[in-house]
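Enquirer: Provided herewith: model.cif, mmCIF, C-alpha atoms and all ligand atoms.
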```cif
data_input
#
loop_
_atom_site.label_atom_id
_atom_site.label_comp_id
_atom_site.auth_asym_id
_atom_site.auth_seq_id
_atom_site.Cartn_x
_atom_site.Cartn_y
_atom_site.Cartn_z
CA MET A 4 -53.35 7.68 11.04
CA GLY A 5 -54.04 10.05 13.94
CA ALA A 6 -55.95 13.27 13.58
CA GLY A 7 -53.95 16.00 11.90
CA GLU A 8 -51.42 13.56 10.44
CA THR A 9 -50.44 13.27 6.82
CA GLN A 10 -48.41 10.84 4.76
CA VAL A 11 -45.38 12.60 3.38
CA LYS A 12 -42.90 11.17 0.93
CA VAL A 13 -39.42 11.98 2.25
CA TRP A 14 -36.87 9.40 1.01
CA ASP A 15 -36.30 9.11 -2.73
CA VAL A 16 -35.54 5.81 -4.44
CA PRO A 17 -31.74 6.38 -4.64
CA VAL A 18 -31.49 6.98 -0.88
CA ARG A 19 -33.54 3.89 -0.09
CA LEU A 20 -31.69 1.65 -2.54
CA PHE A 21 -28.36 2.98 -1.28
CA HIS A 22 -29.34 2.25 2.29
CA TRP A 23 -30.46 -1.35 1.86
CA LEU A 24 -27.71 -2.26 -0.59
CA LEU A 25 -25.22 -0.91 1.92
CA VAL A 26 -26.75 -3.00 4.69
CA LEU A 27 -26.45 -6.16 2.58
CA LEU A 28 -22.94 -5.35 1.42
CA PHE A 29 -21.81 -4.40 4.92
CA ALA A 30 -22.96 -7.77 6.23
CA PHE A 31 -21.06 -9.43 3.41
CA MET A 32 -17.94 -7.32 4.08
CA PHE A 33 -18.08 -8.38 7.73
CA PHE A 34 -18.42 -12.04 6.83
CA SER A 35 -15.87 -12.08 4.02
CA GLY A 36 -13.33 -9.98 5.93
CA LYS A 37 -13.41 -12.27 8.94
CA SER A 38 -13.48 -15.54 7.00
CA GLY A 39 -9.85 -15.32 6.02
CA SER A 40 -8.07 -16.09 2.81
CA GLU A 41 -10.81 -18.14 1.13
CA TRP A 42 -13.09 -15.12 0.77
CA ILE A 43 -10.63 -12.28 0.40
CA GLU A 44 -11.00 -11.92 -3.39
CA TRP A 45 -14.77 -11.53 -3.03
CA HIS A 46 -14.21 -9.19 -0.11
CA MET A 47 -12.24 -6.90 -2.39
CA ARG A 48 -14.75 -7.07 -5.25
CA ALA A 49 -17.68 -6.27 -2.99
CA GLY A 50 -15.54 -3.53 -1.41
CA TYR A 51 -15.35 -1.76 -4.77
CA ALA A 52 -19.14 -1.76 -4.88
CA VAL A 53 -19.25 -0.25 -1.38
CA LEU A 54 -16.80 2.45 -2.38
CA ALA A 55 -18.80 3.34 -5.51
CA LEU A 56 -22.00 3.49 -3.44
CA VAL A 57 -20.48 5.66 -0.71
CA LEU A 58 -18.99 8.08 -3.25
CA PHE A 59 -22.38 8.21 -4.96
CA ARG A 60 -24.11 8.99 -1.69
CA ILE A 61 -21.70 11.84 -1.03
CA LEU A 62 -22.45 13.35 -4.45
CA TRP A 63 -26.16 12.79 -3.83
CA GLY A 64 -25.72 14.72 -0.59
CA PHE A 65 -24.97 17.76 -2.74
CA ALA A 66 -27.10 17.18 -5.82
CA GLY A 67 -29.92 14.92 -4.61
CA SER A 68 -33.44 15.42 -3.32
CA THR A 69 -34.13 17.81 -0.43
CA HIS A 70 -33.88 15.30 2.40
CA ALA A 71 -30.83 13.61 0.89
CA ARG A 72 -28.79 16.82 1.04
CA PHE A 73 -26.18 17.55 3.69
CA THR A 74 -27.39 21.14 3.88
CA SER A 75 -30.84 19.89 4.86
CA PHE A 76 -29.75 17.57 7.65
CA LEU A 77 -26.51 18.91 9.14
CA ALA A 78 -28.09 21.07 11.83
CA ALA A 79 -26.64 23.64 14.22
CA PRO A 80 -25.46 22.50 17.68
CA SER A 81 -28.41 24.19 19.34
CA ALA A 82 -30.82 22.08 17.28
CA CYS A 83 -28.90 18.94 18.28
CA ILE A 84 -29.20 19.80 21.98
CA GLU A 85 -32.91 20.48 21.54
CA CYS A 86 -33.33 17.17 19.74
CA MET A 87 -31.42 15.36 22.50
CA LYS A 88 -33.74 16.82 25.13
CA HIS A 89 -36.80 15.66 23.22
CA LEU A 90 -35.36 12.20 22.80
CA LEU A 91 -34.51 11.83 26.50
CA ALA A 92 -37.99 13.05 27.48
CA ARG A 93 -39.41 10.62 24.91
CA LYS A 94 -41.39 13.52 23.53
CA PRO A 95 -42.25 12.94 19.89
CA SER A 96 -40.66 15.59 17.72
CA PRO A 97 -41.01 14.25 14.22
CA TYR A 98 -38.79 15.58 11.48
CA PRO A 99 -39.56 14.99 7.84
CA GLY A 100 -35.96 14.02 7.06
CA HIS A 101 -33.23 13.07 9.54
CA ASN A 102 -33.43 14.56 13.00
CA PRO A 103 -30.39 16.74 13.86
CA LEU A 104 -28.52 13.95 15.65
CA GLY A 105 -29.33 11.41 12.96
CA GLY A 106 -28.10 13.84 10.32
CA TRP A 107 -24.65 14.09 11.86
CA MET A 108 -24.63 10.34 12.26
CA VAL A 109 -25.10 10.01 8.50
CA LEU A 110 -21.99 12.09 7.93
CA VAL A 111 -19.96 10.16 10.51
CA LEU A 112 -21.04 6.84 9.01
CA LEU A 113 -20.16 7.93 5.49
CA LEU A 114 -16.74 9.20 6.60
CA ALA A 115 -16.01 6.01 8.53
CA LEU A 116 -16.98 3.99 5.44
CA LEU A 117 -14.63 6.12 3.34
CA VAL A 118 -11.79 5.40 5.77
CA GLN A 119 -12.66 1.70 5.66
CA THR A 120 -12.73 1.40 1.88
CA GLY A 121 -9.83 3.82 1.43
CA THR A 122 -7.51 1.83 3.70
CA GLY A 123 -8.72 -1.40 2.09
CA LEU A 124 -7.37 -0.20 -1.25
CA PHE A 125 -3.86 -0.16 0.26
CA ALA A 126 -4.18 -3.22 2.52
CA ASN A 127 -2.29 -6.50 2.26
CA ASP A 128 -2.80 -9.96 3.76
CA ASP A 129 0.87 -11.06 3.70
CA LEU A 130 -0.10 -13.65 1.13
CA LEU A 131 -1.43 -13.20 -2.37
CA SER A 132 -4.10 -10.54 -2.00
CA ASN A 133 -3.19 -6.89 -1.97
CA GLY A 134 -5.47 -3.92 -2.41
CA PRO A 135 -5.17 -2.42 -5.90
CA LEU A 136 -3.14 0.58 -4.65
CA TYR A 137 -0.71 -1.49 -2.54
CA ASP A 138 1.98 -1.04 -5.20
CA LEU A 139 2.06 2.72 -4.65
CA ILE A 140 3.32 2.59 -1.05
CA SER A 141 5.85 0.74 1.10
CA LYS A 142 5.03 -2.52 2.82
CA ALA A 143 5.38 -0.86 6.23
CA THR A 144 2.85 1.82 5.30
CA SER A 145 0.53 -0.82 3.90
CA ASP A 146 0.81 -2.75 7.18
CA GLN A 147 -0.19 0.39 9.09
CA LEU A 148 -3.16 1.04 6.81
CA THR A 149 -4.17 -2.61 7.17
CA MET A 150 -4.21 -2.16 10.96
CA ILE A 151 -6.40 0.93 10.54
CA HIS A 152 -8.64 -1.16 8.26
CA ILE A 153 -9.02 -3.71 11.03
CA TRP A 154 -9.60 -1.21 13.85
CA ASN A 155 -11.84 1.14 11.91
CA PHE A 156 -14.06 -1.85 11.27
CA ASN A 157 -14.65 -2.14 15.01
CA LEU A 158 -15.59 1.53 15.01
CA LEU A 159 -18.01 0.87 12.14
CA LEU A 160 -19.62 -1.97 14.08
CA LEU A 161 -20.05 0.38 17.03
CA LEU A 162 -21.57 3.10 14.84
CA ALA A 163 -23.88 0.64 13.10
CA GLY A 164 -24.97 -0.65 16.51
CA ALA A 165 -25.68 2.86 17.79
CA HIS A 166 -27.61 3.61 14.59
CA LEU A 167 -29.74 0.49 15.05
CA ILE A 168 -30.42 1.18 18.72
CA ALA A 169 -31.48 4.74 17.90
CA VAL A 170 -33.95 3.54 15.28
CA LEU A 171 -35.36 0.91 17.65
CA TYR A 172 -35.61 3.55 20.40
CA HIS A 173 -37.72 5.67 18.08
CA ALA A 174 -39.96 2.70 17.38
CA ALA A 175 -40.30 1.63 21.01
CA PHE A 176 -40.61 4.95 22.83
CA MET A 177 -41.63 7.58 20.31
CA LYS A 178 -43.93 5.46 18.15
CA GLU A 179 -42.05 6.48 15.01
CA ASN A 180 -41.65 3.85 12.33
CA LEU A 181 -38.38 5.00 10.78
CA ILE A 182 -37.54 1.54 9.44
CA GLY A 183 -40.75 1.28 7.42
CA ALA A 184 -40.13 4.75 6.02
CA MET A 185 -36.73 3.63 4.72
CA PHE A 186 -38.56 0.91 2.75
CA THR A 187 -41.55 2.89 1.50
CA GLY A 188 -40.05 6.37 1.46
CA VAL A 189 -43.15 7.64 3.22
CA LYS A 190 -43.40 9.01 6.76
CA ARG A 191 -46.51 9.64 8.80
CA LEU A 192 -46.13 13.15 10.19
CA PRO A 193 -48.16 15.79 11.98
CA ALA A 194 -49.48 18.19 9.40
CA ASP A 195 -47.19 20.98 10.61
CA ALA A 196 -43.98 18.93 10.96
CA ALA A 197 -42.47 20.03 7.68
CA GLY A 198 -42.62 23.64 8.80
CA GLY A 199 -43.72 24.70 5.37
CA VAL A 200 -40.77 23.06 3.62
CA VAL A 201 -41.85 21.26 0.48
CA ALA A 202 -39.44 18.51 -0.51
CA ARG A 203 -38.08 18.67 -4.03
CA PHE A 204 -37.24 15.35 -5.62
CA ALA A 205 -34.25 15.06 -7.92
CA SER A 206 -34.48 13.03 -11.10
CA PRO A 207 -33.62 9.34 -10.76
CA TRP A 208 -31.77 9.74 -14.06
CA LEU A 209 -29.40 12.14 -12.38
CA ALA A 210 -28.82 9.49 -9.73
CA LEU A 211 -28.01 6.93 -12.43
CA VAL A 212 -25.55 9.30 -14.09
CA LEU A 213 -23.82 10.07 -10.77
CA LEU A 214 -23.63 6.37 -9.91
CA ALA A 215 -22.11 5.69 -13.33
CA VAL A 216 -19.54 8.40 -12.66
CA THR A 217 -18.53 7.00 -9.27
CA ALA A 218 -18.47 3.43 -10.61
CA LEU A 219 -16.17 4.58 -13.40
CA ALA A 220 -13.96 6.39 -10.88
CA VAL A 221 -13.65 3.23 -8.80
CA TYR A 222 -12.93 1.18 -11.93
CA LEU A 223 -10.11 3.54 -12.82
CA ILE A 224 -8.68 3.40 -9.29
CA VAL A 225 -8.73 -0.39 -9.33
CA LYS A 226 -7.45 -1.01 -12.87
CA ARG A 227 -5.23 2.05 -13.21
CA PRO A 228 -5.09 1.74 -17.00
CA PHE A 229 -2.95 4.86 -17.36
CA MET B 1 51.73 -40.48 25.99
CA ARG B 2 48.69 -42.55 25.25
CA THR B 3 46.79 -41.27 28.21
CA LYS B 4 47.70 -37.69 27.25
CA LEU B 5 46.37 -38.25 23.74
CA LEU B 6 43.25 -39.81 25.13
CA ALA B 7 42.74 -36.91 27.51
CA ALA B 8 43.17 -34.45 24.64
CA ALA B 9 40.68 -36.41 22.55
CA VAL B 10 38.16 -36.36 25.38
CA ALA B 11 38.67 -32.65 25.87
CA VAL B 12 38.18 -31.95 22.16
CA ALA B 13 35.12 -34.15 22.09
CA ALA B 14 33.70 -32.33 25.10
CA LEU B 15 34.43 -28.96 23.57
CA GLY B 16 32.90 -30.06 20.31
CA GLY B 17 29.85 -31.25 22.14
CA ALA B 18 29.62 -28.02 24.06
CA SER B 19 29.83 -25.91 20.95
CA LEU B 20 27.11 -28.01 19.35
CA GLU B 21 25.00 -27.43 22.46
CA ALA B 22 25.58 -23.68 22.15
CA LEU B 23 24.50 -23.79 18.50
CA ALA B 24 21.32 -25.62 19.40
CA GLN B 25 20.47 -22.95 21.95
CA THR B 26 19.62 -20.27 19.44
CA LYS B 27 18.17 -17.31 21.29
CA PRO B 28 14.36 -17.24 21.16
CA ASP B 29 14.21 -13.77 19.60
CA VAL B 30 16.62 -14.89 16.89
CA MET B 31 14.46 -17.94 16.21
CA VAL B 32 11.42 -15.71 15.79
CA ALA B 33 13.31 -13.46 13.36
CA GLN B 34 14.49 -16.50 11.43
CA ARG B 35 11.09 -18.14 11.10
CA GLN B 36 9.62 -14.81 10.02
CA ALA B 37 12.39 -14.50 7.45
CA VAL B 38 11.54 -17.93 6.04
CA MET B 39 7.88 -16.92 5.86
CA LYS B 40 8.82 -13.75 4.04
CA LEU B 41 10.93 -15.71 1.55
CA GLN B 42 8.02 -18.08 0.95
CA GLY B 43 6.01 -14.98 0.10
CA LYS B 44 8.78 -13.81 -2.18
CA TYR B 45 8.71 -16.99 -4.27
CA LEU B 46 4.98 -17.59 -4.12
CA GLY B 47 4.03 -14.07 -5.22
CA PRO B 48 5.30 -14.17 -8.82
CA ILE B 49 3.64 -17.57 -9.43
CA GLY B 50 0.43 -16.12 -8.01
CA ALA B 51 0.61 -13.17 -10.39
CA MET B 52 0.98 -15.60 -13.32
CA MET B 53 -1.96 -17.69 -12.10
CA LYS B 54 -4.15 -14.56 -11.96
CA GLY B 55 -3.03 -13.51 -15.42
CA ALA B 56 -1.38 -10.38 -14.07
CA ALA B 57 1.96 -11.57 -15.51
CA PRO B 58 2.74 -13.84 -18.51
CA TYR B 59 3.38 -17.49 -17.69
CA ASN B 60 7.09 -18.28 -17.54
CA ALA B 61 7.83 -21.97 -16.99
CA ASP B 62 11.48 -21.39 -16.01
CA VAL B 63 10.62 -18.84 -13.33
CA VAL B 64 7.87 -21.13 -12.05
CA ALA B 65 10.25 -24.11 -11.87
CA LEU B 66 12.88 -22.11 -9.98
CA ASN B 67 10.41 -20.46 -7.58
CA ALA B 68 8.48 -23.64 -6.89
CA THR B 69 11.70 -25.48 -6.09
CA PHE B 70 12.81 -22.76 -3.68
CA LEU B 71 9.35 -22.83 -2.13
CA GLU B 72 9.43 -26.59 -1.73
CA ASN B 73 12.67 -26.31 0.26
CA LEU B 74 11.60 -23.25 2.24
CA ALA B 75 8.39 -25.00 3.27
CA ARG B 76 10.46 -27.35 5.45
CA MET B 77 12.37 -24.63 7.28
CA PRO B 78 10.04 -22.53 9.46
CA TRP B 79 8.74 -25.18 11.83
CA ASP B 80 11.67 -25.77 14.22
CA GLY B 81 11.56 -22.01 14.78
CA PHE B 82 8.23 -22.39 16.57
CA ASP B 83 10.10 -23.72 19.57
CA PRO B 84 8.39 -23.57 23.00
CA SER B 85 11.19 -21.24 24.15
CA THR B 86 9.78 -18.56 21.80
CA LYS B 87 6.38 -18.47 23.52
CA GLY B 88 6.96 -15.16 25.27
CA GLU B 89 8.54 -13.39 22.31
CA LYS B 90 6.89 -10.57 20.42
CA SER B 91 5.46 -12.24 17.35
CA LYS B 92 2.27 -12.80 15.42
CA ALA B 93 2.12 -16.49 16.25
CA LYS B 94 -1.08 -17.22 18.18
CA PRO B 95 -0.80 -19.14 21.47
CA GLU B 96 -2.56 -22.04 19.71
CA VAL B 97 0.71 -22.76 17.89
CA PHE B 98 2.04 -24.07 21.19
CA THR B 99 -1.17 -25.53 22.62
CA ASP B 100 -2.70 -27.14 19.52
CA THR B 101 0.59 -28.57 18.30
CA ALA B 102 -0.94 -31.54 16.47
CA LYS B 103 -3.07 -29.30 14.31
CA PHE B 104 -0.19 -26.91 13.68
CA LYS B 105 2.03 -29.80 12.67
CA ALA B 106 -0.70 -31.08 10.32
CA ALA B 107 -0.95 -27.63 8.70
CA ALA B 108 2.83 -27.58 8.25
CA ASP B 109 2.79 -31.09 6.75
CA THR B 110 0.04 -30.05 4.36
CA LEU B 111 2.18 -27.18 3.09
CA GLU B 112 5.16 -29.48 2.60
CA ALA B 113 3.02 -31.96 0.66
CA GLU B 114 1.38 -29.29 -1.50
CA THR B 115 4.65 -27.52 -2.33
CA ALA B 116 6.18 -30.90 -3.26
CA LYS B 117 3.36 -31.40 -5.79
CA LEU B 118 3.84 -27.89 -7.12
CA GLY B 119 7.61 -28.36 -7.38
CA ALA B 120 7.27 -31.65 -9.27
CA ALA B 121 4.79 -30.20 -11.78
CA ALA B 122 6.88 -27.06 -12.21
CA ARG B 123 10.12 -28.93 -12.89
CA ALA B 124 8.28 -31.17 -15.37
CA LYS B 125 7.21 -27.92 -17.11
CA ASN B 126 3.62 -29.12 -16.76
CA GLU B 127 1.58 -25.91 -16.75
CA ALA B 128 -1.75 -27.64 -16.20
CA GLY B 129 -0.24 -29.48 -13.25
CA VAL B 130 1.14 -26.23 -11.84
CA ARG B 131 -2.28 -24.61 -12.11
CA ALA B 132 -3.87 -27.59 -10.39
CA ALA B 133 -1.31 -27.62 -7.56
CA PHE B 134 -1.11 -23.88 -6.96
CA GLY B 135 -4.51 -23.59 -5.31
CA GLY B 136 -3.54 -26.24 -2.78
CA VAL B 137 -0.39 -24.32 -1.81
CA ALA B 138 -2.20 -21.00 -1.46
CA LYS B 139 -4.87 -22.67 0.61
CA ALA B 140 -2.25 -24.33 2.83
CA CYS B 141 -0.66 -20.94 3.56
CA GLY B 142 -4.00 -19.22 4.09
CA SER B 143 -5.71 -21.75 6.29
CA CYS B 144 -2.75 -21.96 8.65
CA HIS B 145 -2.63 -18.15 8.88
CA ASP B 146 -6.38 -18.05 9.56
CA GLY B 147 -5.95 -20.35 12.54
CA PHE B 148 -2.49 -19.67 13.88
CA ARG B 149 -1.49 -16.14 13.00
CA GLU B 150 -2.56 -12.89 14.65
CA LYS B 151 -3.68 -10.09 12.29
C1 LIG C 301 -17.07 -0.98 4.00
C2 LIG C 301 -16.20 -1.67 3.39
C3 LIG C 301 -15.32 -2.69 4.06
C4 LIG C 301 -15.51 -3.36 5.25
C5 LIG C 301 -16.68 -3.25 6.22
C6 LIG C 301 -14.35 -4.21 5.44
C7 LIG C 301 -14.16 -5.03 6.54
C8 LIG C 301 -13.06 -5.85 6.74
C9 LIG C 301 -12.87 -6.73 7.86
C10 LIG C 301 -13.86 -6.92 9.01
C11 LIG C 301 -11.67 -7.36 7.70
C12 LIG C 301 -11.04 -8.39 8.64
C13 LIG C 301 -10.24 -7.70 9.69
C14 LIG C 301 -9.85 -8.70 10.73
O1 LIG C 301 -9.10 -9.59 10.41
O2 LIG C 301 -10.30 -8.57 11.87
C15 LIG C 301 -11.09 -6.90 6.46
C16 LIG C 301 -9.88 -7.32 5.92
C17 LIG C 301 -9.37 -6.94 4.68
N1 LIG C 301 -9.96 -6.06 3.79
FE1 LIG C 301 -11.70 -5.06 4.08
N2 LIG C 301 -13.49 -4.06 4.37
C18 LIG C 301 -14.04 -3.14 3.51
C19 LIG C 301 -13.51 -2.71 2.28
C20 LIG C 301 -12.34 -3.20 1.71
C21 LIG C 301 -11.82 -2.81 0.41
C22 LIG C 301 -12.46 -1.78 -0.52
C23 LIG C 301 -10.67 -3.52 0.22
C24 LIG C 301 -9.71 -3.52 -0.95
C25 LIG C 301 -10.02 -3.64 -2.16
C26 LIG C 301 -10.46 -4.34 1.39
C27 LIG C 301 -9.37 -5.18 1.55
C28 LIG C 301 -9.13 -5.94 2.67
C29 LIG C 301 -7.97 -6.80 2.84
C30 LIG C 301 -6.81 -7.00 1.84
C31 LIG C 301 -8.12 -7.42 4.11
C32 LIG C 301 -7.17 -8.46 4.72
C33 LIG C 301 -6.32 -7.87 5.79
C34 LIG C 301 -5.59 -8.97 6.49
O3 LIG C 301 -5.83 -10.16 6.19
O4 LIG C 301 -4.76 -8.65 7.34
N3 LIG C 301 -11.49 -4.14 2.27
N4 LIG C 301 -11.95 -5.96 5.90
#
```
Taking this structure as input, can you express it in the form of structure tokens?

Expert:
Amino acid sequence: MGAGETQVKVWDVPVRLFHWLLVLLFAFMFFSGKSGSEWIEWHMRAGYAVLALVLFRILWGFAGSTHARFTSFLAAPSACIECMKHLLARKPSPYPGHNPLGGWMVLVLLLALLVQTGTGLFANDDLLSNGPLYDLISKATSDQLTMIHIWNFNLLLLLAGAHLIAVLYHAAFMKENLIGAMFTGVKRLPADAAGGVVARFASPWLALVLLAVTALAVYLIVKRPF
Amino acid sequence: MRTKLLAAAVAVAALGGASLEALAQTKPDVMVAQRQAVMKLQGKYLGPIGAMMKGAAPYNADVVALNATFLENLARMPWDGFDPSTKGEKSKAKPEVFTDTAKFKAAADTLEAETAKLGAAARAKNEAGVRAAFGGVAKACGSCHDGFREK
């Protein structure tokens, strides 16, 4: 640790678990989606888990710990331009949570994942596997949503790639270990980086309750018992 | 008189031949529409059996026997529609259909064989046999689509 640096806990357990579970599930969604009919049933099951997780993360963005909240990381355009300048000059400008560009990226990624899972619910494979909401719409509409499902996945790959490159850029040129922080929750920061903001950590029990709520919502969407 | 009759017979034969020729020359876009229609009908008769296999609908041996028999017959119909003349038509058939013909033919034969098994079990009202054969049919549809059909 350099002089004047402190270890600060920034990411709570729900954010970290969400992140790495999503990485694993995304890899599986990629594999199972592209492997054709043999894996489609598992693709759909894992997709429900992704949907529940993404919905949870959105709720956590309102009710979670300081650095998990949208209000804490969706910054004004001026801050984004400032951040961009620092990045291009490779001038370290550590933020306790997401930097302004990264914050918007979180929102874009979550929205793209919502589009992906949402269209999946209505998709069909012209064989035996239909999304659970296929029955509600016409075949032609389902075909269109299936095409969006396929093309939005390419967008997701692009976004995930950009996300990865950004994190590696931070590691290579700014000496910031963002990946480690997503495992441990702890960042090494200059003593003044937080600007006096003290992070508040929400109860993990609240996270469990919210996850239960989103899991139940997904269950109801899939089974439609009413 | 004889020669006139003979001439008439030749003319009729020629005409008949010509009309047969014309029938054989189905327009490529029509062939595409027809093979797609057969595929759709296969889906129509496979779907309800699939729902029963998943437990989404109660098992009905009569419906299974009827559907499986239709399917067995339909499974022989699409293939002459993948004629080389249809190569340039708008369709979801991948180019491999026309380049990797041996493999495509094998996939078609597999479907015919699997639907024959399903049909036999279904007409014998052998539910266990139907359950055993169904997976093979679904796999035959799916693996050909994976290799030969555009998304
Ligand atoms: C983040 C979540 C998801 C990802 C990354 C994802 C990704 C994919 C990919 C890559 C494909 C293959 C597209 C291609 O052929 O090129 C696919 C197909 C498909 N997905 Fe998803 N998917 C997700 C969620 C879902 C959900 C929630 C469902 C529905 C329950 C679903 C249902 C389907 C279906 C039915 C297909 C087959 C479409 C076809 O064969 O034409 N997906 N998905």

Enquirer: Given a cut-off of 12 Å, which residues of chain B touch chain A, counting only C-alpha atoms, written out as a CSV table (one decimal) with C-alpha atoms, keeping the file's coordinate frame?

Expert:
```csv
chain,number,residue,atom,x,y,z
B,36,GLN,CA,9.6,-14.8,10.0
B,39,MET,CA,7.9,-16.9,5.9
B,40,LYS,CA,8.8,-13.8,4.0
B,41,LEU,CA,10.9,-15.7,1.6
B,42,GLN,CA,8.0,-18.1,1.0
B,43,GLY,CA,6.0,-15.0,0.1
B,44,LYS,CA,8.8,-13.8,-2.2
B,45,TYR,CA,8.7,-17.0,-4.3
B,46,LEU,CA,5.0,-17.6,-4.1
B,47,GLY,CA,4.0,-14.1,-5.2
B,48,PRO,CA,5.3,-14.2,-8.8
B,49,ILE,CA,3.6,-17.6,-9.4
B,50,GLY,CA,0.4,-16.1,-8.0
B,51,ALA,CA,0.6,-13.2,-10.4
B,52,MET,CA,1.0,-15.6,-13.3
B,53,MET,CA,-2.0,-17.7,-12.1
B,54,LYS,CA,-4.2,-14.6,-12.0
B,56,ALA,CA,-1.4,-10.4,-14.1
B,92,LYS,CA,2.3,-12.8,15.4
B,134,PHE,CA,-1.1,-23.9,-7.0
B,135,GLY,CA,-4.5,-23.6,-5.3
B,136,GLY,CA,-3.5,-26.2,-2.8
B,137,VAL,CA,-0.4,-24.3,-1.8
B,138,ALA,CA,-2.2,-21.0,-1.5
B,139,LYS,CA,-4.9,-22.7,0.6
B,140,ALA,CA,-2.2,-24.3,2.8
B,141,CYS,CA,-0.7,-20.9,3.6
B,142,GLY,CA,-4.0,-19.2,4.1
B,143,SER,CA,-5.7,-21.8,6.3
B,144,CYS,CA,-2.8,-22.0,8.6
B,145,HIS,CA,-2.6,-18.2,8.9
B,146,ASP,CA,-6.4,-18.0,9.6
B,147,GLY,CA,-6.0,-20.4,12.5
B,148,PHE,CA,-2.5,-19.7,13.9
B,149,ARG,CA,-1.5,-16.1,13.0
B,150,GLU,CA,-2.6,-12.9,14.6
B,151,LYS,CA,-3.7,-10.1,12.3
```

Enquirer: Which of these residues is nearest to ligand LIG 301 (chain C), using all atoms listed in the file: A:Tyr98, A:Phe156, A:Phe73, A:Tyr137?

Expert: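 Nearest to ligand LIG 301 (chain C): A:Phe156.
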
Enquirer: Quick one: residues within 6 Å of ligand LIG 301 (chain C), with all atoms listed in the file, as a list in words?

Expert: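 Counting all atoms listed in the file, the residues within 6 Å of ligand LIG 301 (chain C) come out as Phe29, Met32, Phe33, Gly36, Lys37, Met47, Gly50, Tyr51, Val53, Leu116, Gln119, Thr120, Gly123, Leu124, Ala126, Asn127, Asp128, Ser132, Asn133, Gly134, Thr149, Ile153 and Phe156 of chain A; Lys151 of chain B.
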
Enquirer: Write out, as an mmCIF file, in the coordinates of the input, the residues just selected, with C-alpha atoms.

Expert:
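And here's again24.cif as it stands now:
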```cif
data_model
loop_
_atom_site.group_PDB
_atom_site.id
_atom_site.type_symbol
_atom_site.label_atom_id
_atom_site.label_comp_id
_atom_site.auth_asym_id
_atom_site.auth_seq_id
_atom_site.Cartn_x
_atom_site.Cartn_y
_atom_site.Cartn_z
ATOM 1 C CA PHE A 29 -21.810 -4.400 4.920
ATOM 2 C CA MET A 32 -17.940 -7.320 4.080
ATOM 3 C CA PHE A 33 -18.080 -8.380 7.730
ATOM 4 C CA GLY A 36 -13.330 -9.980 5.930
ATOM 5 C CA LYS A 37 -13.410 -12.270 8.940
ATOM 6 C CA MET A 47 -12.240 -6.900 -2.390
ATOM 7 C CA GLY A 50 -15.540 -3.530 -1.410
ATOM 8 C CA TYR A 51 -15.350 -1.760 -4.770
ATOM 9 C CA VAL A 53 -19.250 -0.250 -1.380
ATOM 10 C CA LEU A 116 -16.980 3.990 5.440
ATOM 11 C CA GLN A 119 -12.660 1.700 5.660
ATOM 12 C CA THR A 120 -12.730 1.400 1.880
ATOM 13 C CA GLY A 123 -8.720 -1.400 2.090
ATOM 14 C CA LEU A 124 -7.370 -0.200 -1.250
ATOM 15 C CA ALA A 126 -4.180 -3.220 2.520
ATOM 16 C CA ASN A 127 -2.290 -6.500 2.260
ATOM 17 C CA ASP A 128 -2.800 -9.960 3.760
ATOM 18 C CA SER A 132 -4.100 -10.540 -2.000
ATOM 19 C CA ASN A 133 -3.190 -6.890 -1.970
ATOM 20 C CA GLY A 134 -5.470 -3.920 -2.410
ATOM 21 C CA THR A 149 -4.170 -2.610 7.170
ATOM 22 C CA ILE A 153 -9.020 -3.710 11.030
ATOM 23 C CA PHE A 156 -14.060 -1.850 11.270
ATOM 24 C CA LYS B 151 -3.680 -10.090 12.290
#
```

Enquirer: Mind pulling up the distance from atom CA of Ala108 of chain B to atom CA of Lys90 of chain B?

Expert: 21.3 Å

Enquirer: Do you know which residues are at most 10 Å from Ala169 of chain A counting all atoms listed in the file, after dropping those on the same chain fewer than 3 positions away, and could you put them as a ChimeraX atom specification?

Expert: /A:90,104-105,163-166,172-175,181

Enquirer: So for segment 31-44 of chain A, what box centre and size do we get, axis-aligned, 4 Å extra on each of the six sides, every listed atom, Å to one decimal, as AutoDock Vina command-line options?

Expert:
```
--center_x -14.6 --center_y -12.7 --center_z 2.8 --size_x 21.0 --size_y 18.8 --size_z 20.3
```

Enquirer: Can you tell me how far atom CA of Asp195 of chain A sits from atom CA of Asn102 of chain A, in Å to one decimal?

Expert: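 Going from atom CA of Asp195 of chain A over to atom CA of Asn102 of chain A, I get 15.4 Å.
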